[in-house]
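Student: Have a peek at entry-v1.txt (compact mmCIF, C-alpha atoms).
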```
# COMPACT_ATOMS: atom_id res chain seq x y z
CA MET A 50 -7.36 16.88 -7.89
CA ARG A 51 -5.29 13.79 -8.68
CA HIS A 52 -2.46 12.51 -6.55
CA LEU A 53 -0.27 9.43 -6.84
CA ILE A 54 -0.03 7.82 -3.42
CA ASP A 55 -0.59 4.15 -4.18
CA PRO A 56 0.47 2.38 -7.40
CA LEU A 57 -3.18 1.49 -7.96
CA ASP A 58 -4.38 5.10 -7.85
CA PHE A 59 -4.16 4.99 -11.64
CA THR A 60 -6.25 2.47 -13.53
CA ARG A 61 -4.51 0.10 -15.90
CA GLN A 62 -5.66 2.27 -18.83
CA GLU A 63 -4.36 5.43 -17.15
CA THR A 64 -1.07 3.70 -16.40
CA ASP A 65 -0.75 2.53 -20.01
CA ARG A 66 -1.46 6.06 -21.22
CA LEU A 67 1.12 7.53 -18.88
CA LEU A 68 3.75 5.05 -20.06
CA GLU A 69 2.84 5.84 -23.64
CA LEU A 70 3.45 9.50 -22.85
CA ALA A 71 6.85 8.63 -21.32
CA GLU A 72 7.73 6.82 -24.54
CA ASN A 73 6.64 9.83 -26.53
CA ILE A 74 8.91 12.07 -24.44
CA ILE A 75 11.89 9.82 -25.20
CA GLN A 76 11.12 10.02 -28.91
CA SER A 77 10.59 13.80 -28.99
CA PRO A 78 12.21 15.39 -25.93
CA GLY A 79 12.34 18.82 -27.51
CA ALA A 80 8.58 18.96 -27.75
CA TYR A 81 8.34 18.81 -23.97
CA ALA A 82 11.28 21.01 -23.01
CA HIS A 83 9.09 23.98 -22.07
CA ARG A 84 5.84 22.27 -21.24
CA CYS A 85 6.19 23.09 -17.51
CA GLY A 86 7.54 26.61 -17.95
CA GLY A 87 6.58 28.71 -14.93
CA LYS A 88 5.73 25.66 -12.83
CA ILE A 89 7.52 24.66 -9.63
CA LEU A 90 8.05 21.21 -8.17
CA GLY A 91 8.33 21.02 -4.38
CA ALA A 92 10.80 18.19 -3.68
CA LEU A 93 10.04 17.35 -0.04
CA PHE A 94 12.56 14.72 0.93
CA PHE A 95 12.25 14.09 4.65
CA GLU A 96 14.55 11.11 4.15
CA PRO A 97 17.76 11.13 2.12
CA SER A 98 17.54 9.73 -1.39
CA THR A 99 19.85 10.06 -4.32
CA ARG A 100 18.23 8.36 -7.27
CA THR A 101 14.60 9.28 -6.67
CA ARG A 102 15.22 12.91 -5.72
CA LEU A 103 17.58 13.57 -8.60
CA SER A 104 15.29 11.89 -11.10
CA PHE A 105 12.35 14.02 -9.94
CA GLU A 106 14.46 17.16 -10.18
CA SER A 107 15.82 16.14 -13.56
CA ALA A 108 12.29 15.41 -14.77
CA MET A 109 11.00 18.87 -13.80
CA LEU A 110 14.05 20.67 -15.19
CA ARG A 111 13.76 18.77 -18.48
CA LEU A 112 10.17 19.98 -18.71
CA GLY A 113 11.30 23.57 -18.32
CA GLY A 114 10.03 23.89 -14.76
CA GLN A 115 11.86 24.73 -11.57
CA VAL A 116 12.48 22.91 -8.32
CA LEU A 117 12.60 23.91 -4.67
CA GLY A 118 12.72 21.78 -1.57
CA PHE A 119 14.93 20.02 0.92
CA SER A 120 16.80 16.75 0.99
CA ASP A 121 16.51 15.64 4.61
CA ALA A 122 14.19 16.21 7.54
CA GLY A 123 16.91 18.05 9.46
CA SER A 124 16.80 20.96 7.04
CA SER A 125 13.01 21.15 7.03
CA SER A 126 10.48 22.53 9.48
CA ALA A 127 9.79 18.93 10.57
CA SER A 128 12.86 19.27 12.81
CA LYS A 129 10.89 21.98 14.67
CA GLY A 130 7.98 19.61 15.10
CA GLU A 131 5.77 20.85 12.28
CA SER A 132 3.11 18.40 11.16
CA VAL A 133 2.94 16.95 7.65
CA ALA A 134 -0.46 18.61 7.25
CA ASP A 135 0.92 22.08 8.00
CA THR A 136 4.02 21.53 5.87
CA ILE A 137 1.99 20.66 2.79
CA ARG A 138 -0.41 23.55 3.38
CA MET A 139 2.58 25.86 3.27
CA VAL A 140 4.19 24.17 0.26
CA SER A 141 0.87 24.41 -1.59
CA ALA A 142 1.44 28.15 -1.64
CA TYR A 143 5.01 27.87 -2.93
CA ALA A 144 4.85 25.11 -5.53
CA ASP A 145 2.48 23.71 -8.17
CA ILE A 146 3.15 20.03 -7.48
CA ALA A 147 4.97 18.15 -4.71
CA ALA A 148 6.98 14.94 -4.55
CA MET A 149 7.28 13.68 -0.98
CA ARG A 150 9.55 11.06 0.49
CA HIS A 151 8.99 10.43 4.18
CA PHE A 152 10.25 7.90 6.71
CA LYS A 153 6.75 7.55 8.15
CA GLU A 154 4.42 5.23 6.28
CA GLY A 155 1.28 6.99 5.09
CA ALA A 156 2.77 10.50 5.34
CA PRO A 157 2.19 11.33 1.64
CA PHE A 158 -1.41 10.14 2.01
CA VAL A 159 -1.89 12.55 4.92
CA ALA A 160 -0.29 15.29 2.81
CA SER A 161 -2.68 14.60 -0.06
CA ARG A 162 -5.63 15.17 2.27
CA TYR A 163 -4.51 18.71 3.09
CA ALA A 164 -2.76 19.74 -0.13
CA LYS A 165 -4.03 22.24 -2.64
CA ILE A 166 -1.62 20.84 -5.22
CA PRO A 167 -1.03 17.29 -6.57
CA VAL A 168 1.11 15.14 -4.27
CA ILE A 169 3.34 12.31 -5.47
CA ASN A 170 4.46 9.63 -3.04
CA ALA A 171 8.21 9.34 -3.64
CA GLY A 172 8.50 6.52 -1.09
CA ASP A 173 7.06 6.26 2.42
CA GLY A 174 9.12 4.07 4.74
CA GLY A 175 8.79 0.40 3.84
CA HIS A 176 5.29 0.93 2.49
CA GLN A 177 4.86 2.14 -1.10
CA HIS A 178 7.03 3.50 -3.87
CA PRO A 179 4.61 4.01 -6.76
CA THR A 180 6.97 5.86 -9.10
CA GLN A 181 9.38 2.90 -8.84
CA THR A 182 6.49 0.65 -9.86
CA LEU A 183 5.71 2.87 -12.85
CA THR A 184 9.40 2.80 -13.73
CA ASP A 185 9.39 -1.01 -13.52
CA MET A 186 6.28 -1.24 -15.69
CA PHE A 187 7.86 1.12 -18.21
CA ALA A 188 10.99 -1.04 -18.42
CA ILE A 189 8.87 -4.15 -19.02
CA ARG A 190 6.85 -2.34 -21.66
CA ARG A 191 9.95 -1.05 -23.46
CA ARG A 192 11.82 -4.34 -23.38
CA ARG A 193 8.98 -6.80 -23.87
CA GLY A 194 6.31 -4.73 -25.56
CA LYS A 195 3.64 -6.28 -23.33
CA VAL A 196 2.95 -7.70 -19.90
CA ASP A 197 0.28 -10.23 -20.83
CA GLY A 198 1.43 -13.85 -20.86
CA MET A 199 4.77 -13.20 -19.15
CA THR A 200 6.34 -15.55 -16.63
CA ILE A 201 7.88 -13.29 -14.04
CA GLY A 202 10.35 -14.46 -11.42
CA LEU A 203 10.68 -12.22 -8.37
CA CYS A 204 13.82 -13.08 -6.48
CA GLY A 205 15.33 -12.17 -3.11
CA ASP A 206 13.65 -10.35 -0.25
CA LEU A 207 9.99 -10.80 -1.11
CA LYS A 208 8.83 -10.22 2.44
CA PHE A 209 10.01 -6.70 3.18
CA GLY A 210 10.69 -5.43 -0.34
CA ARG A 211 8.16 -2.66 -0.99
CA THR A 212 8.94 -2.52 -4.70
CA VAL A 213 8.00 -6.19 -5.08
CA HIS A 214 4.62 -5.82 -3.39
CA SER A 215 3.72 -2.74 -5.43
CA LEU A 216 4.84 -4.40 -8.65
CA ILE A 217 2.75 -7.52 -7.99
CA LYS A 218 -0.32 -5.33 -7.39
CA SER A 219 0.19 -3.66 -10.76
CA LEU A 220 1.01 -6.84 -12.68
CA VAL A 221 -2.15 -8.69 -11.63
CA ARG A 222 -4.16 -6.17 -13.64
CA TYR A 223 -2.82 -7.75 -16.84
CA GLU A 224 -3.77 -11.06 -18.44
CA ASN A 225 -2.32 -14.51 -17.96
CA VAL A 226 0.72 -13.51 -15.89
CA ARG A 227 2.55 -16.32 -14.11
CA PHE A 228 4.42 -15.46 -10.94
CA ILE A 229 7.36 -17.42 -9.59
CA PHE A 230 8.40 -16.24 -6.14
CA ILE A 231 12.04 -17.14 -5.52
CA SER A 232 13.10 -16.51 -1.94
CA PRO A 233 14.54 -18.10 1.15
CA GLU A 234 11.97 -19.49 3.57
CA GLU A 235 12.55 -16.52 5.89
CA LEU A 236 11.78 -13.95 3.21
CA ARG A 237 8.79 -15.50 1.44
CA VAL A 238 6.20 -13.23 -0.10
CA PRO A 239 3.64 -12.31 2.62
CA GLY A 240 0.55 -14.48 2.80
CA TYR A 241 -1.76 -11.50 2.39
CA ILE A 242 -0.19 -10.57 -0.95
CA VAL A 243 -0.93 -14.08 -2.22
CA LYS A 244 -4.41 -14.31 -0.68
CA GLU A 245 -5.65 -10.75 -1.24
CA VAL A 246 -3.85 -9.85 -4.47
CA VAL A 247 -2.60 -12.81 -6.52
CA GLU A 248 -5.21 -15.52 -5.92
CA PRO A 249 -8.31 -13.34 -6.43
CA SER A 250 -6.84 -12.25 -9.76
CA GLY A 251 -6.72 -15.85 -10.99
CA HIS A 252 -3.07 -15.68 -12.07
CA ARG A 253 -0.87 -18.73 -11.60
CA TRP A 254 1.81 -18.57 -8.97
CA GLU A 255 4.39 -20.86 -7.44
CA GLU A 256 7.37 -20.66 -5.14
CA ALA A 257 10.96 -21.75 -5.60
CA ARG A 258 13.96 -21.74 -3.31
CA ALA A 259 16.67 -21.73 -5.98
CA MET A 260 16.68 -19.55 -9.07
CA GLU A 261 18.39 -22.28 -11.11
CA GLU A 262 15.27 -24.46 -10.73
CA VAL A 263 13.09 -22.05 -12.65
CA MET A 264 15.55 -20.05 -14.75
CA PRO A 265 14.64 -21.66 -18.11
CA GLU A 266 10.97 -20.73 -17.66
CA LEU A 267 11.40 -17.03 -16.96
CA ASP A 268 10.63 -14.15 -19.33
CA ILE A 269 11.48 -11.58 -16.67
CA LEU A 270 13.72 -11.95 -13.62
CA TYR A 271 13.22 -9.18 -11.06
CA MET A 272 16.09 -9.27 -8.60
CA THR A 273 16.00 -7.59 -5.20
CA ARG A 274 18.54 -7.10 -2.48
CA VAL A 275 18.53 -9.50 0.49
CA GLN A 276 18.91 -7.10 3.38
CA ARG A 277 21.37 -8.01 6.10
CA GLU A 278 19.44 -6.15 8.83
CA ARG A 279 16.46 -8.50 8.41
CA PHE A 280 18.34 -11.53 9.72
CA PHE A 281 18.73 -12.57 13.30
CA ASN A 282 22.14 -14.07 12.74
CA GLU A 283 24.95 -13.32 10.35
CA GLU A 284 25.38 -16.99 9.41
CA ASP A 285 21.89 -17.21 7.89
CA TYR A 286 22.40 -13.96 6.01
CA VAL A 287 25.67 -15.09 4.45
CA ARG A 288 24.22 -18.46 3.46
CA LEU A 289 21.10 -16.96 1.88
CA LYS A 290 22.81 -13.97 0.29
CA ASP A 291 25.14 -16.25 -1.63
CA SER A 292 22.31 -18.34 -3.01
CA TYR A 293 20.89 -15.32 -4.81
CA VAL A 294 23.87 -14.00 -6.66
CA LEU A 295 23.03 -13.87 -10.34
CA THR A 296 26.06 -14.89 -12.36
CA PRO A 297 26.72 -15.59 -16.06
CA GLU A 298 26.84 -19.32 -15.15
CA LYS A 299 23.32 -19.25 -13.73
CA LEU A 300 22.11 -17.39 -16.81
CA ARG A 301 23.29 -20.15 -19.16
CA ALA A 302 19.98 -21.94 -18.72
CA ALA A 303 17.93 -18.77 -19.20
CA LYS A 304 15.97 -17.80 -22.29
CA PRO A 305 17.89 -15.67 -24.80
CA ASP A 306 15.33 -12.90 -24.47
CA LEU A 307 15.10 -12.90 -20.67
CA SER A 308 14.87 -9.42 -19.11
CA ILE A 309 16.89 -8.98 -15.91
CA MET A 310 15.53 -6.19 -13.75
CA HIS A 311 16.52 -4.66 -10.41
CA PRO A 312 15.16 -1.54 -8.67
CA LEU A 313 18.75 -0.64 -7.59
CA PRO A 314 20.84 -0.08 -5.62
CA ARG A 315 22.33 -3.52 -5.83
CA VAL A 316 25.00 -4.84 -3.52
CA ASN A 317 26.20 -8.22 -4.67
CA GLU A 318 23.06 -9.97 -5.90
CA ILE A 319 23.99 -9.38 -9.53
CA ALA A 320 27.59 -10.06 -10.46
CA PRO A 321 29.19 -7.15 -12.38
CA GLU A 322 29.91 -9.52 -15.30
CA VAL A 323 26.17 -9.67 -15.95
CA ASP A 324 26.11 -5.91 -16.66
CA ASN A 325 27.40 -6.49 -20.18
CA ASP A 326 24.82 -9.15 -20.92
CA SER A 327 22.24 -7.84 -23.41
CA ARG A 328 19.54 -9.25 -21.15
CA ALA A 329 20.44 -6.86 -18.30
CA VAL A 330 17.80 -4.13 -18.17
CA TYR A 331 18.46 -2.49 -14.79
CA PHE A 332 20.43 0.57 -15.85
CA GLU A 333 18.04 1.20 -18.73
CA GLN A 334 15.24 0.69 -16.18
CA ALA A 335 16.66 3.40 -13.89
CA LYS A 336 17.11 5.82 -16.79
CA GLY A 337 13.47 5.33 -17.75
CA GLY A 338 12.50 6.62 -14.34
CA VAL A 339 13.17 10.21 -15.41
CA TYR A 340 10.81 9.96 -18.39
CA VAL A 341 8.15 8.24 -16.33
CA ARG A 342 8.33 11.04 -13.76
CA MET A 343 8.15 13.64 -16.55
CA ALA A 344 5.00 11.96 -17.83
CA LEU A 345 3.61 11.80 -14.30
CA ILE A 346 4.23 15.50 -13.60
CA LEU A 347 2.57 16.44 -16.90
CA THR A 348 -0.38 14.19 -16.16
CA LEU A 349 -0.97 15.40 -12.62
CA LEU A 350 -0.66 19.04 -13.70
CA GLY A 351 -3.16 18.38 -16.48
CA LEU A 352 -0.59 19.40 -19.10
CA GLU A 353 -0.58 16.11 -20.96
CA LYS A 354 -3.89 16.75 -22.67
CA GLY A 355 -3.76 16.69 -26.42
CA ILE A 356 -0.21 15.43 -26.60
CA LEU A 357 -1.03 11.86 -27.47
CA ASP A 358 -3.92 12.87 -29.69
CA GLY A 359 -1.56 14.56 -32.10
CA GLU A 360 -2.05 18.10 -30.83
CA GLU A 361 1.07 20.21 -30.81
CA ALA A 362 2.96 19.83 -27.55
CA MET B 283 -33.55 -11.95 40.69
CA LEU B 284 -33.02 -8.42 39.42
CA ASN B 285 -35.89 -6.97 37.41
CA ILE B 286 -35.42 -4.38 34.73
CA ASP B 287 -38.55 -3.04 33.08
CA SER B 288 -39.26 -3.95 29.48
CA ILE B 289 -38.99 -1.06 27.08
CA GLU B 290 -41.82 0.27 24.93
CA ASN B 291 -39.75 1.80 22.17
CA GLY B 292 -36.05 1.49 21.72
CA ILE B 293 -33.18 -0.94 21.26
CA VAL B 294 -32.07 -3.97 23.22
CA ILE B 295 -28.55 -5.15 22.56
CA ASP B 296 -28.60 -8.73 23.74
CA HIS B 297 -26.07 -11.56 23.96
CA ILE B 298 -23.14 -9.22 24.50
CA THR B 299 -20.16 -11.25 25.64
CA ALA B 300 -20.09 -11.00 29.44
CA GLY B 301 -17.86 -8.16 30.51
CA ARG B 302 -17.96 -6.21 27.25
CA SER B 303 -21.01 -4.06 27.86
CA MET B 304 -19.07 -1.03 29.11
CA ARG B 305 -16.88 -1.04 26.01
CA VAL B 306 -20.03 -1.20 23.87
CA TYR B 307 -21.50 1.64 25.96
CA ASP B 308 -18.40 3.77 25.46
CA LEU B 309 -17.90 3.14 21.75
CA LEU B 310 -21.57 3.67 20.91
CA GLU B 311 -21.30 6.90 22.94
CA LEU B 312 -24.41 6.02 24.90
CA ASP B 313 -23.33 8.44 27.62
CA LYS B 314 -24.41 11.22 25.28
CA LEU B 315 -28.03 10.06 25.27
CA ASP B 316 -30.45 11.67 27.65
CA THR B 317 -32.84 8.73 27.52
CA CYS B 318 -33.00 5.80 29.93
CA VAL B 319 -30.17 3.28 29.40
CA ALA B 320 -29.85 0.08 31.42
CA ILE B 321 -26.69 -1.99 31.49
CA ILE B 322 -27.14 -5.52 32.75
CA LYS B 323 -23.96 -7.41 33.43
CA ASN B 324 -23.53 -11.14 33.84
CA ALA B 325 -27.14 -12.02 33.12
CA LYS B 326 -27.96 -15.71 32.88
CA SER B 327 -27.70 -17.14 29.38
CA GLU B 328 -28.75 -20.63 28.36
CA LYS B 329 -26.46 -20.55 25.39
CA PHE B 330 -23.37 -18.90 26.82
CA GLY B 331 -23.76 -19.21 30.57
CA LYS B 332 -23.40 -15.45 31.12
CA LYS B 333 -24.07 -12.45 28.95
CA ASP B 334 -24.42 -8.68 29.15
CA ILE B 335 -27.46 -6.75 27.92
CA ILE B 336 -27.96 -3.05 27.18
CA LYS B 337 -31.46 -1.61 26.98
CA ILE B 338 -31.91 1.83 25.43
CA GLU B 339 -35.31 3.44 25.83
CA GLY B 340 -36.61 5.79 23.19
CA ALA B 341 -33.70 5.85 20.76
CA THR B 342 -33.61 3.89 17.51
CA ASP B 343 -31.26 5.95 15.39
CA ILE B 344 -28.01 4.98 17.07
CA ASP B 345 -25.12 4.15 14.74
CA LEU B 346 -24.57 0.53 15.63
CA ASP B 347 -21.98 -0.21 12.94
CA VAL B 348 -19.12 -0.52 15.36
CA LEU B 349 -20.98 -3.18 17.36
CA GLY B 350 -20.05 -5.88 14.85
CA PHE B 351 -16.41 -5.11 15.49
CA ILE B 352 -16.62 -5.10 19.28
CA ASP B 353 -18.81 -8.16 19.66
CA ASP B 354 -20.10 -10.05 16.64
CA ARG B 355 -22.02 -12.37 18.98
CA ALA B 356 -24.38 -9.60 20.08
CA THR B 357 -27.89 -9.26 18.69
CA VAL B 358 -29.84 -6.06 18.19
CA CYS B 359 -33.57 -6.04 18.88
CA ILE B 360 -35.67 -3.08 17.75
CA ILE B 361 -38.72 -2.61 19.94
CA ARG B 362 -41.79 -0.62 18.93
CA ASP B 363 -44.93 -0.35 21.04
CA GLY B 364 -43.59 -3.02 23.31
CA LYS B 365 -43.16 -5.50 20.45
CA LEU B 366 -40.07 -6.89 18.82
CA VAL B 367 -40.22 -5.62 15.24
CA GLU B 368 -36.72 -6.45 14.07
CA LYS B 369 -33.90 -8.62 15.23
CA LYS B 370 -30.52 -8.46 13.57
CA ARG B 371 -26.92 -9.40 14.06
CA PRO B 372 -24.48 -6.63 13.43
CA ARG B 373 -22.07 -7.04 10.54
CA LEU B 374 -18.45 -6.10 10.62
CA PRO B 375 -18.19 -2.43 9.65
CA GLN B 376 -16.32 -1.62 6.44
CA LYS B 377 -14.46 1.19 8.17
CA LEU B 378 -13.37 1.88 11.74
CA VAL B 379 -12.66 5.45 12.78
CA ASN B 380 -10.89 6.02 16.08
CA ILE B 381 -11.86 2.59 17.42
CA VAL B 382 -8.44 0.98 17.39
CA SER B 383 -4.97 2.45 16.98
CA CYS B 384 -2.24 1.42 14.58
CA LYS B 385 0.56 -0.45 16.33
CA ASN B 386 3.10 0.14 13.57
CA PRO B 387 5.73 2.52 15.00
CA ARG B 388 6.63 3.58 11.45
CA CYS B 389 3.04 4.67 10.72
CA ILE B 390 2.41 8.40 10.34
CA THR B 391 -0.41 8.09 12.89
CA SER B 392 2.25 7.55 15.57
CA VAL B 393 3.28 11.21 15.24
CA GLU B 394 0.58 13.10 13.34
CA GLN B 395 -2.74 14.09 14.89
CA VAL B 396 -5.11 12.41 12.46
CA ASN B 397 -8.03 10.01 12.80
CA GLN B 398 -7.12 6.37 13.23
CA VAL B 399 -8.78 4.77 10.21
CA PHE B 400 -8.93 1.04 9.47
CA TYR B 401 -10.77 -0.66 6.63
CA LEU B 402 -12.04 -4.22 6.43
CA CYS B 403 -9.86 -6.33 4.15
CA ASP B 404 -11.02 -9.86 5.01
CA GLU B 405 -14.48 -10.31 6.47
CA LYS B 406 -14.08 -14.04 7.14
CA ALA B 407 -10.88 -13.62 9.11
CA HIS B 408 -12.04 -10.33 10.72
CA ARG B 409 -8.95 -8.58 9.44
CA TYR B 410 -8.56 -4.84 9.10
CA ARG B 411 -5.81 -2.71 7.64
CA CYS B 412 -4.61 0.74 8.62
CA ARG B 413 -5.63 3.27 5.95
CA TYR B 414 -2.24 4.96 6.19
CA CYS B 415 0.37 2.20 6.37
CA GLU B 416 -1.73 -0.95 5.63
CA GLN B 417 -0.56 -2.63 8.81
CA GLU B 418 -2.94 -5.43 9.65
CA TYR B 419 -5.11 -5.36 12.72
CA LYS B 420 -6.46 -8.76 13.67
CA LYS B 421 -9.03 -9.12 16.37
```
Please express the file's structure as structure tokens.

Tutor:
Amino acid sequence: MRHLIDPLDFTRQETDRLLELAENIIQSPGAYAHRCGGKILGALFFEPSTRTRLSFESAMLRLGGQVLGFSDAGSSSASKGESVADTIRMVSAYADIAAMRHFKEGAPFVASRYAKIPVINAGDGGHQHPTQTLTDMFAIRRRRGKVDGMTIGLCGDLKFGRTVHSLIKSLVRYENVRFIFISPEELRVPGYIVKEVVEPSGHRWEEARAMEEVMPELDILYMTRVQRERFFNEEDYVRLKDSYVLTPEKLRAAKPDLSIMHPLPRVNEIAPEVDNDSRAVYFEQAKGGVYVRMALILTLLGLEKGILDGEEA
Amino acid sequence: MLNIDSIENGIVIDHITAGRSMRVYDLLELDKLDTCVAIIKNAKSEKFGKKDIIKIEGATDIDLDVLGFIDDRATVCIIRDGKLVEKKRPRLPQKLVNIVSCKNPRCITSVEQVNQVFYLCDEKAHRYRCRYCEQEYKK
């Protein structure tokens, strides 16, 4: 039985196929409207989430399936001290597939060991968020048509940002990618990501402290939020936060076909005036998340077979 | 001078860092053996000054994988018919199960009753990562 716990659980070919399926769903949504009829998604959100939970629910409903679950640990049996293993054993009897968000890192992995149904990691603490990574990859694919040969700037909190680490792990599986890590000294990309992921892959990488320095070189700019709670003093936070506000002025030096991405939610790292720039991809990126999750549900339930080969959906 | 008999058939774990023999004994679960086991602490060593030695009579099928993690300085000598037939240095095991615990308070292992599993991610630097949360464990 397949699960999606880590972004690398799917090979590059499997990922490409899944994204192709997501594209197909966008083109012909009606063909998929009843594909999951009679199936139930267990949405097990031990931690509150708006975007991810709603997009999972929307994905299942758009496939003709149904959803049950809870949206915080307080309304689940976890508040009575039930283990993750026992919870998923029980849910395996009630649902056909489960999406789990948990505040404990590794909880969805534990669930996958005891589940009788496919388990999707919908975010585990500060660890992994593989469906966000698939969503990011889908946005790149839709906007750029390819990943190979891209110069990708990752900007902001590169130390604690789980989406950044997962995205880097996925991107290194493509050819000739150049990474530019733009961050304050305090939030540099962790050494192990460079040593264990980027360098063995042979891709070029460099670091920058100011986005203006590298703006003209970028094909993709992936912005992240600099998180206040990571700083020891407010002064440092204010100084660093202001250096990573993307404005129309800073974009003047950028390529006309730059793609500006952000996993959302944003606070102030992208000025609202940028929203109307044709290079802003982030809302389109978030919308794609529903289709990616539809493709993922179909794939893990084994209901995608034949669709891309021209068989009637 | 303390004399411990040589063994005819079995394993001698030599050059254990002085003071670590009891940890080796525990983690190799030598207490479960019903054969003769000798623990020699603070033996004289030309190379290191002091060392510990464990002699295990009669058993050769002990899982020694974890030894490389506890003490990569140790050597393992296999004795048959009173002769040394093989001498090897243990390698770092690819996986550790219930040897060390994850220190990450956000890790699921802090609340769920599951095995503590670490896998080797960097042999040169002796670095391991938690299978659940990927938190690094450095010796």

Student: Pull out every residue of chain A sitting within 8 Å of chain B, counting all atoms listed in the file, and send them as a list in words.

Tutor: Ser132, Val133, Phe152, Lys153, Glu154, Gly155, Ala156, Phe158, Val159, Gly174 and His176 of chain A

Student: At a cut-off of 12 Å, using all atoms listed in the file, what residues contact Glu298 (chain A)? Leave out same-chain residues fewer than 2 positions from it and give the result as a PyMOL selection string.

Tutor: chain A and resi 260-261+264+294-296+300-303+319-320+322-323+326

Student: Using all atoms listed in the file, find the one residue out of A:Ala257, A:Ala134, A:Met139, A:Ala92 that sits nearest to Ile169 (chain A).

Tutor: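 With all atoms listed in the file as the atom set, the closest residue is A:Ala92.
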
Student: From the set A:Arg274, A:Arg222, A:His151, A:Arg237, which residue has the shortest atom-to-atom contact distance to Gly251 (chain A), counting all atoms listed in the file?

Tutor: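 Distance minimum relative to Gly251 (chain A) lands on A:Arg222.
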
Student: Which residues come within 12 Å of Leu68 (chain A), counting all atoms listed in the file, excluding same-chain residues fewer than 2 positions away, as a compact mmCIF listing (two decimals) with C-alpha atoms, keeping the file's coordinate frame?

Tutor:
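Output below, filename out15.txt:
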```txt
# COMPACT_ATOMS: atom_id res chain seq x y z
CA PHE A 59 -4.16 4.99 -11.64
CA ARG A 61 -4.51 0.10 -15.90
CA GLN A 62 -5.66 2.27 -18.83
CA GLU A 63 -4.36 5.43 -17.15
CA THR A 64 -1.07 3.70 -16.40
CA ASP A 65 -0.75 2.53 -20.01
CA ARG A 66 -1.46 6.06 -21.22
CA LEU A 70 3.45 9.50 -22.85
CA ALA A 71 6.85 8.63 -21.32
CA GLU A 72 7.73 6.82 -24.54
CA ASN A 73 6.64 9.83 -26.53
CA ILE A 74 8.91 12.07 -24.44
CA ILE A 75 11.89 9.82 -25.20
CA THR A 180 6.97 5.86 -9.10
CA THR A 182 6.49 0.65 -9.86
CA LEU A 183 5.71 2.87 -12.85
CA THR A 184 9.40 2.80 -13.73
CA ASP A 185 9.39 -1.01 -13.52
CA MET A 186 6.28 -1.24 -15.69
CA PHE A 187 7.86 1.12 -18.21
CA ALA A 188 10.99 -1.04 -18.42
CA ILE A 189 8.87 -4.15 -19.02
CA ARG A 190 6.85 -2.34 -21.66
CA ARG A 191 9.95 -1.05 -23.46
CA GLY A 194 6.31 -4.73 -25.56
CA LYS A 195 3.64 -6.28 -23.33
CA GLY A 337 13.47 5.33 -17.75
CA GLY A 338 12.50 6.62 -14.34
CA VAL A 339 13.17 10.21 -15.41
CA TYR A 340 10.81 9.96 -18.39
CA VAL A 341 8.15 8.24 -16.33
CA ARG A 342 8.33 11.04 -13.76
CA MET A 343 8.15 13.64 -16.55
CA ALA A 344 5.00 11.96 -17.83
CA LEU A 345 3.61 11.80 -14.30
CA LEU A 347 2.57 16.44 -16.90
CA THR A 348 -0.38 14.19 -16.16
CA GLU A 353 -0.58 16.11 -20.96
CA LEU A 357 -1.03 11.86 -27.47
```

Student: Between CA of Gly79 (chain A) and CA of Leu93 (chain A), what is the distance in Å, rounded to a tenth?

Tutor: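 Going from CA of Gly79 (chain A) over to CA of Leu93 (chain A) covers 27.6 Å.
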
Student: For region 210-215 of chain A, work out the shell of residues within 7 Å, counting all atoms listed in the file and skipping chain neighbours fewer than 5 positions away, then give it as a ChimeraX atom specification.

Tutor: /A:56,175-179,181-182

Student: Write out as a list in words each polymer residue whose atoms come within 7 Å of region 304-316 of chain B, counting all atoms listed in the file; drop sequence neighbours fewer than 6 positions from it.

Tutor: Leu346, Leu349 and Ile352 of chain B

Student: List every protein, DNA or RNA residue with an atom no more than 8 Å from (-25.4, -11.8, 28.6) in the file's coordinates, counting all atoms listed in the file, and format the result as a list in words.

Tutor: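 With a cut-off of 8 Å, the residues come to Asp296, His297, Ile298, Thr299, Ala300, Ile322, Lys323, Asn324, Ala325, Lys326, Ser327, Phe330, Gly331, Lys332, Lys333, Asp334 and Ile335 of chain B.
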
Student: Around (12.3, -12.6, -8.7) in the file's frame, which residues reach within 6 Å when counting only C-alpha atoms? Return as an NGL selection string?

Tutor: :A and (202-204 or 230-231 or 270-272)

Student: Enclose the full set of atoms of region 410-421 of chain B listed in the file within a box whose edges lie along x, y and z, apply 3 Å of padding to each of the six sides, and report centre and edge lengths in Å to one decimal as AutoDock Vina command-line options.

Tutor:
```
--center_x -4.3 --center_y -2.1 --center_z 11.0 --size_x 15.4 --size_y 20.1 --size_z 16.7
```

Student: Calculated over only C-alpha atoms, which of the candidates B:Leu366, B:Ile381, B:Ile293, B:Val319 has the smallest distance to Ile344 (chain B)?

Tutor: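 Of B:Leu366, B:Ile381, B:Ile293, B:Val319, the one nearest Ile344 (chain B), counting only C-alpha atoms, is B:Ile293.
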
Student: Which residues, written as a PyMOL selection string, have at least one atom at most 9 Å from region 338-340 of chain B, with only C-alpha atoms counted and residues fewer than 6 positions away on the same chain left out?

Tutor: chain B and resi 289-295+312+317-321

Student: Mind dumping the selected residues with C-alpha atoms as a compact mmCIF listing (two decimals), in the coordinates of the input?

Tutor:
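This went into again.txt:
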```
# COMPACT_ATOMS: atom_id res chain seq x y z
CA ILE B 289 -38.99 -1.06 27.08
CA GLU B 290 -41.82 0.27 24.93
CA ASN B 291 -39.75 1.80 22.17
CA GLY B 292 -36.05 1.49 21.72
CA ILE B 293 -33.18 -0.94 21.26
CA VAL B 294 -32.07 -3.97 23.22
CA ILE B 295 -28.55 -5.15 22.56
CA LEU B 312 -24.41 6.02 24.90
CA THR B 317 -32.84 8.73 27.52
CA CYS B 318 -33.00 5.80 29.93
CA VAL B 319 -30.17 3.28 29.40
CA ALA B 320 -29.85 0.08 31.42
CA ILE B 321 -26.69 -1.99 31.49
```
